[in-house]
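Let me begin by presenting the structure, written as structure tokens, before commenting on it.
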Amino acid sequence: MFRVENVTFRYGSVVALDNVSLHIQEGKRSALLGANGSGKSTLLRMLDGLCFPDSGAISFRGDTIDSLSLEDDKFAFAFRRRVGLVFQNPDVQLFNPTVFDEVAFGPLQMRWLKAEIRERVETTLKTLEITHLKDRPPHRLSGGEKKRVAIASVLVLDPEVLLLDEPTAALDPRSQNQIIDLLIGWGEGKKTVITATHDLGLVEDIADDCFLLQSGTLVAHGAPAGILENQTLLRSSNLIHEHRHSHPALGIHTHPHTHRT
Amino acid sequence: MHIPDGYLSPSTCAALYAGSTPFWYVSLQKMNRRLNTQAVPLLSVFAAFSFVIMMFNLPLPGGTTGHAVGVGIASIVLGPWGSILAISVALVIQAIFFGDGGITAIGANCFNMAIVGSLVAYAVYRVIAGRAAIESPRRVVAAAIAGYCAINASAFFAAIEFGIQPMLFHDASGTPLYAPYPLHIAVPAMMIGHLTIAGLAETIVSGGVVAYLQRAEPVLLKTTAPGASMNGDPVGWTGLRPLWIALAVLLILTPLGILAAGAAWGEWVPEDFSTPQARQQIAAASGNQAPPVHVPAGLQKLASVWTAPMPRYAPPILKSAQLGYILSAMVGTGLIVLAFLGGAWIFGRFRS
Amino acid sequence: MRKPRTFIERTIGSLSDGLNFAALADDSARSGGMLQRVDPRVKVAGMLAMIVSVAVTHSLIAIAGMLLIAVFFAVVSQISLLDLARWVWMPVLFFTGCIALPAIFITPGARVYGPITAQGLRTASYLLLRAETAVSLSALLVLSTRWAHILKALRVLRLPVVFVVILGMTYRYLFLILETALDMFESRESRTVGVLEGTDRRRLATATVGVLLSKSYHLSADVHLAMQSRGFRGEVYMLDDFTMRGIDWCWLFLFSAVAMTVVWVGR
């Protein structure tokens with residue numbers, strides 16, 4: 001579905017992505033695994049056509065995604081509707097005066113009919129259990145509520161692809177679990193989900209295919225189980241660490257934390 | 001400096017709304033053309049930023065604190081058009097939502113602070129910074145001066161708007177209906193606070209933030225630095241410094257003029273022709289020729305045409321003549337510098 | 001004698017005040033008072049008309065009458081007069097009062113008592129009454145109408161959509177930046193022992209402004225991406241959800257009548 005071919009991208013003098021190539025299959029749930037600075041967020045934004053490679057190409061269902069192709073209204077609207085991105089920081093995504101307005105923003109841009117928009121927004125709010133928040137301004141929402149509104153604002157367009165940047169970041173455990181439940185339930189195998197995360201505990205639940213990124217290069221690809229077994233690789237990618245901590249039976253000692261249960 | 005409702009007559013307010021509209025329109029066109037779709041989020045967030053800055057209590061030399069508008073840095077980072085819009089939006093929200101500044105006075109406040117302020121700040125900054133490198137200290141000084149000039153220009157326009165109210169809008173018994181202080185009170189009253197406290201606050205913020213950005217994020221200074229040289233400008237700032245120092249010294253020495261007794265030759269008012277002491281002075285300074293008994297007709301007629309805002313260089317409120325002299329000198333110098341900078345900018349625009 | 005507050009404390013005070021007033025306004029606008037139930041467009045147009053009438057009229061009595069009407073509206077809309085006094089009336093009294101006071105003595109005209117002239121008293125009254133009444137009316141609007149609705153209602157004044165959208169976005173991000181600034185100052189306050197030197201204070205203040213500017217710029221860039229991700233290509237749209245009921249027309253008539261009376265009485 002997505003083909004990333006020899007993509008390189010620089011922020012000034014820093015190389016964010018270095019000759020990365022990968023292929024994301026339709027209907028699959030994939031994870032871009034990597035520590036902060038590994039390039040996974042950049043790659044995610046590229047898949048959403050928000051920034052474009054310095055060299056190499058990205059294509060979606062055979063169509064190249066670059067600034068030129070997105071200039072065409074018809075193509076751009078179709079693409080933006082089919083692919084949705086939930087940003088890591090929900091404040092960035094909540095820029096309308098109320099929750100209702102926020103969820104309605106996408107459909108308004110797509111120029112749907114107003115009656116249809118209202119109906120879709122109400123349905124989406126109900127699915128995410130945030131109907132009671134619909135008149136709230138975003139600055140009066142908790143972290144978990146903001147995240148759900150952010151997800152609602154993307155799901156309202158009924159995308160075929162959902163891109164998620166660190167969906168559980170800065171959330172308390174209960175909100176985290178709610179989001180994970182939601183994501184596992186969504187799509188049921190017919191939708192494509194790509195999650196960028198450094199949370200090892202999350203990966204096995206939400207992905208069937210895993211790409212490991214390290215300093216802008218793709219270092220491993222395969223099923224989550226396999227990658228998570230490879231502790232050397234995970235350590236060199238800064239995803240696991242050794243540190244001292246205490247166990248009730250053993251006292252203070254050191255061993256690698258893999259964050260797997 | 002946020003003008004509340006009731007200080008300016010409806011016609012003044014309407015005139016200033018009308019005066020602001022073309023600037024708003026042009027600014028929006030320019031921003032859209034330059035930034036395409038990014039104008040909306042950039043202006044919104046920047047307006048929010050300048051709103052918050054206006055609430056800061058800034059520490060000033062001497063232990064006082066003051067508030068800045070942020071028009072200096074807005075103009076430098078966004079350019080004049082973006083600054084006009086961002087500051088206007090901040091002012092509108094302050095007026096409607098927080099009651100800071102009147103609703104009918106939105107046009108006036110935007111005109112003074114957002115429009116005049118941004119244009120003056122930009123002009124002064126570009127002229128003084130020239131083509132200096134982005135990191136050069138000259139830009140910090142340019143920013144500081146730009147902020148100072150901008151705030152004082154805004155205050156000056158506001159003062160004029162206040163000062164003409166009693167003259168133009170009063171009822172039959174002579175009661176001023178809106179701002180009650182005429183020009184010769186309004187101008188010094190407004191300018192004193194801004195030449196000192198508010199001006200300083202803006203200066204410090206403008207200079208300080210440019211200095212910070214030079215270290216932390218120089219790319220934000222690029223908008224208003226086209227053609228900035230890579231390595232420092234050879235002429236540099238040091239060339240002009242002696243001139244500024246000399247000007248400052250002269251400014252402080254102006255009260256010496258009081259020591260010269262009597263009026264300068266030719267600078268007489270009609271009353272002098274009837275006062276014996278003054279008549280003696282005129283005679284002594286004119287080769288012992290006695291002045292005419294009656295006031296010359298031309299002098300009589302023209303003497304009342306213009307009443308200076310600061311008659312005799314001493315605003316009525318100030319007791320000290322010396323302070324009046326220095327203040328007059330600062331205002332006069334400031335106005336001349338502004339006029340030259342304005343002329344230079346206009347000239348530069350025609351050339352480029 | 002109380003230690004004078006540092007600039008950090010005073011700034012924290014201003015920023016907190018901003019947040020508190022906004023919270024008050026939002027809560028007040030959601031309560032069930034009389035004005036809260038009027039169509040926002042009627043309120044925006046009506047309040048504007050009344051504020052303009054106060055600016056235009058030459059009758060002190062009419063302005064005072066309008067102020068009383070504003071107080072009445074506040075009471076029936078469950079808006080606390082104490083809140084109005086704290087946030088609106090006292091600050092204006094202090095600010096405009098100080099400016100109006102000298103006018104009593106120096107305005108030329110018929111002497112009433114010492115240097116005080118009748119014209120001086122009248123002009124000071126005009127200034128103070130107009131300022132208090134106008135700000136009371138706009139406070140009524142803000143305390144009885146949610147900001148999101150005020151924005152949409154502004155369209156009735158034929159303001160361009162892009163302007164209204166920018167106002168809405170600015171308001172929304174105001175709070176984010178306010179809170180960020182508050183956090184920065186509070187954390188600094190808790191780490192400061194003793195008194196800072198003048199230059200250090202200034203550097204702290206300008207560095208805070210600089211950091212906020214930087215964060216604001218990056219925030220706006222990210223918001224831009226988020227907007228584009230959901231189809232934004234430069235056009236802005238709004239959902240309008242107001243419908244006029246019979247009672248709203250009555251209110252509109254009432255507001256217009258009051259405004260016109262005030263102008264006519266003081267023509």
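By convention here, the chains of the structure tokens are called A, B, ... in the order presented, each chain's residues are numbered starting at 1, and ligands are numbered starting at 1 in the order presented.
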Using only C-alpha atoms, which residues of chain A come within 12 Å of chain B, and what is the closest atom pair for each, with the distance in Å to one decimal? Give it as JSON lines, sorted by chain and residue number.
{"residue": "A:Gly12", "atom": "CA", "partner": "B:Val219", "partner_atom": "CA", "distance": 10.9}
{"residue": "A:Val92", "atom": "CA", "partner": "B:Pro41", "partner_atom": "CA", "distance": 10.5}
{"residue": "A:Gln93", "atom": "CA", "partner": "B:Pro41", "partner_atom": "CA", "distance": 11.6}
{"residue": "A:Leu94", "atom": "CA", "partner": "B:Pro41", "partner_atom": "CA", "distance": 11.9}
{"residue": "A:Phe95", "atom": "CA", "partner": "B:Pro41", "partner_atom": "CA", "distance": 8.9}
{"residue": "A:Asn96", "atom": "CA", "partner": "B:Pro41", "partner_atom": "CA", "distance": 11.1}
Write a file of the selected residues as a compact mmCIF listing (two decimals), in the first residue's frame, keeping N, CA and C atoms.
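This went into selection-v1.txt:
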# COMPACT_ATOMS: atom_id res chain seq x y z
N GLY A 12 18.03 20.67 8.26
CA GLY A 12 19.27 21.44 8.34
C GLY A 12 20.44 20.51 8.11
N VAL A 92 -1.74 20.26 19.39
CA VAL A 92 -1.46 20.70 18.04
C VAL A 92 -2.65 20.42 17.11
N GLN A 93 -3.41 19.41 17.50
CA GLN A 93 -4.48 18.96 16.64
C GLN A 93 -5.84 19.52 17.06
N LEU A 94 -5.88 20.17 18.21
CA LEU A 94 -7.14 20.74 18.69
C LEU A 94 -7.04 22.25 18.59
N PHE A 95 -7.42 22.78 17.43
CA PHE A 95 -7.25 24.22 17.23
C PHE A 95 -8.57 24.93 17.01
N ASN A 96 -9.69 24.23 17.23
CA ASN A 96 -10.99 24.86 17.07
C ASN A 96 -11.57 25.23 18.42
Each chain C residue no farther than 9 Å from chain A, nearest pair in Å, only C-alpha atoms, as a Markdown table:
| residue | atom | partner | partner_atom | distance |
| --- | --- | --- | --- | --- |
| C:Trp147 | CA | A:Pro97 | CA | 8.0 |
| C:Ala148 | CA | A:Pro97 | CA | 5.6 |
| C:Val165 | CA | A:Asn96 | CA | 8.3 |
| C:Gly168 | CA | A:Pro97 | CA | 5.8 |
| C:Met169 | CA | A:Phe95 | CA | 5.8 |
| C:Thr170 | CA | A:Phe95 | CA | 8.9 |
| C:Tyr171 | CA | A:Pro97 | CA | 7.9 |
| C:Arg172 | CA | A:Pro97 | CA | 6.2 |
| C:Tyr173 | CA | A:Phe95 | CA | 7.5 |
| C:Phe175 | CA | A:His139 | CA | 6.6 |
| C:Leu176 | CA | A:His139 | CA | 7.1 |
| C:Leu219 | CA | A:Val92 | CA | 6.8 |
| C:Ser220 | CA | A:Val92 | CA | 8.1 |
| C:Asp222 | CA | A:Val92 | CA | 6.1 |
| C:Val223 | CA | A:Val92 | CA | 4.9 |
| C:His224 | CA | A:Val92 | CA | 8.6 |
| C:Leu225 | CA | A:Leu50 | CA | 6.3 |
| C:Ala226 | CA | A:Gln93 | CA | 5.5 |
| C:Met227 | CA | A:Gln93 | CA | 7.5 |
| C:Gln228 | CA | A:Leu50 | CA | 7.5 |
| C:Ser229 | CA | A:Arg80 | CA | 6.1 |
| C:Arg230 | CA | A:Gly106 | CA | 5.0 |
| C:Gly231 | CA | A:Gln109 | CA | 5.6 |
| C:Phe232 | CA | A:Gln109 | CA | 6.0 |
| C:Arg233 | CA | A:Gln109 | CA | 8.0 |
| C:Glu235 | CA | A:Gln109 | CA | 7.7 |
| C:Val236 | CA | A:Gln109 | CA | 7.5 |
| C:Tyr237 | CA | A:Leu108 | CA | 6.5 |
| C:Met238 | CA | A:Leu108 | CA | 7.6 |
| C:Leu239 | CA | A:Lys114 | CA | 7.4 |
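Selecting chain C residues within 6 Å of chain B and counting only C-alpha atoms yields Phe7, Thr11, Ala55, Gln119, Thr123, Leu127, Arg130, Ala131, Ile166, Met169, Thr170, Leu174, Arg202, Thr206, Gly210, Ser220, His224 and Gly234 of chain C.
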### Who sits within 7 Å of Leu129 in chain C, only C-alpha atoms, same chain under 3 positions skipped, as a ChimeraX atom specification
/C:63-64,125-126,132-133
### Task
Write down as a PyMOL selection string the residues of range 119-208 of chain B whose backbone DSSP state falls under alpha helix (DSSP H).
chain B and resi 119-129+137-163+165-168+183-193+199-208
### Task
Compile the contact shell of Thr243 in chain C as a ChimeraX atom specification: residues with an atom at most 12 Å away, counting only C-alpha atoms, same-chain residues fewer than 6 positions apart removed.
/C:38-42,153,249
For the residues selected in the previous step, produce a file with N, CA and C atoms as a PDB file, in the first residue's frame.
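In the end it all went to out.pdb:
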ATOM      1  N   VAL C  38     -30.613  34.238  25.245  1.00  0.00           N
ATOM      2  CA  VAL C  38     -30.878  35.029  24.035  1.00  0.00           C
ATOM      3  C   VAL C  38     -29.920  34.611  22.925  1.00  0.00           C
ATOM      4  N   ASP C  39     -30.403  34.686  21.694  1.00  0.00           N
ATOM      5  CA  ASP C  39     -29.573  34.351  20.538  1.00  0.00           C
ATOM      6  C   ASP C  39     -28.291  35.198  20.542  1.00  0.00           C
ATOM      7  N   PRO C  40     -27.130  34.549  20.378  1.00  0.00           N
ATOM      8  CA  PRO C  40     -25.863  35.303  20.452  1.00  0.00           C
ATOM      9  C   PRO C  40     -25.776  36.446  19.447  1.00  0.00           C
ATOM     10  N   ARG C  41     -26.359  36.270  18.280  1.00  0.00           N
ATOM     11  CA  ARG C  41     -26.257  37.338  17.284  1.00  0.00           C
ATOM     12  C   ARG C  41     -27.004  38.578  17.750  1.00  0.00           C
ATOM     13  N   VAL C  42     -28.151  38.330  18.409  1.00  0.00           N
ATOM     14  CA  VAL C  42     -28.923  39.467  18.942  1.00  0.00           C
ATOM     15  C   VAL C  42     -28.118  40.182  20.010  1.00  0.00           C
ATOM     16  N   ALA C 153     -21.246  34.593  16.109  1.00  0.00           N
ATOM     17  CA  ALA C 153     -22.209  35.687  15.998  1.00  0.00           C
ATOM     18  C   ALA C 153     -21.583  36.915  15.346  1.00  0.00           C
ATOM     19  N   TRP C 249     -36.417  37.974  18.604  1.00  0.00           N
ATOM     20  CA  TRP C 249     -36.794  39.203  17.922  1.00  0.00           C
ATOM     21  C   TRP C 249     -37.225  40.260  18.934  1.00  0.00           C
TER      22      TRP C 249
END
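Within the 8 Å cut-off around Gly120 in chain C, using only C-alpha atoms and omitting residues fewer than 5 positions from it on the same chain, the listed residues are Thr175 of chain B; Ala103, Ile104, Phe105, Ile106, Thr107, Pro108 and Gly109 of chain C.
The environment of Phe21 in chain C within 10 Å, counting only C-alpha atoms and disregarding residues fewer than 3 places along the same chain, consists of Phe97 and Phe98 of chain B; Ser16, Asp17, Gly18, Leu24, Ala25, Asp26, Asp27, Asp83, Trp87 and Leu143 of chain C.
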Leaving out range 154-157 of chain B and any residue of its chain fewer than 5 positions from it, which residues lie within 6 Å of it when counting only C-alpha atoms, given as a PDB file with N, CA and C atoms, in the first residue's frame?
ATOM      1  N   ASN B 112      -2.934  53.016  16.321  1.00  0.00           N
ATOM      2  CA  ASN B 112      -1.771  53.515  17.053  1.00  0.00           C
ATOM      3  C   ASN B 112      -0.734  52.437  17.309  1.00  0.00           C
ATOM      4  N   MET B 113      -1.176  51.331  17.894  1.00  0.00           N
ATOM      5  CA  MET B 113      -0.201  50.336  18.329  1.00  0.00           C
ATOM      6  C   MET B 113       0.175  49.344  17.241  1.00  0.00           C
ATOM      7  N   GLY B 117       2.804  51.455  15.094  1.00  0.00           N
ATOM      8  CA  GLY B 117       3.875  50.783  15.822  1.00  0.00           C
ATOM      9  C   GLY B 117       4.672  49.838  14.937  1.00  0.00           C
TER      10      GLY B 117
END
### Query
Which distance in Å separates CA of Gly193 in chain B and CA of Gln165 in chain B, to one decimal?
20.4 Å
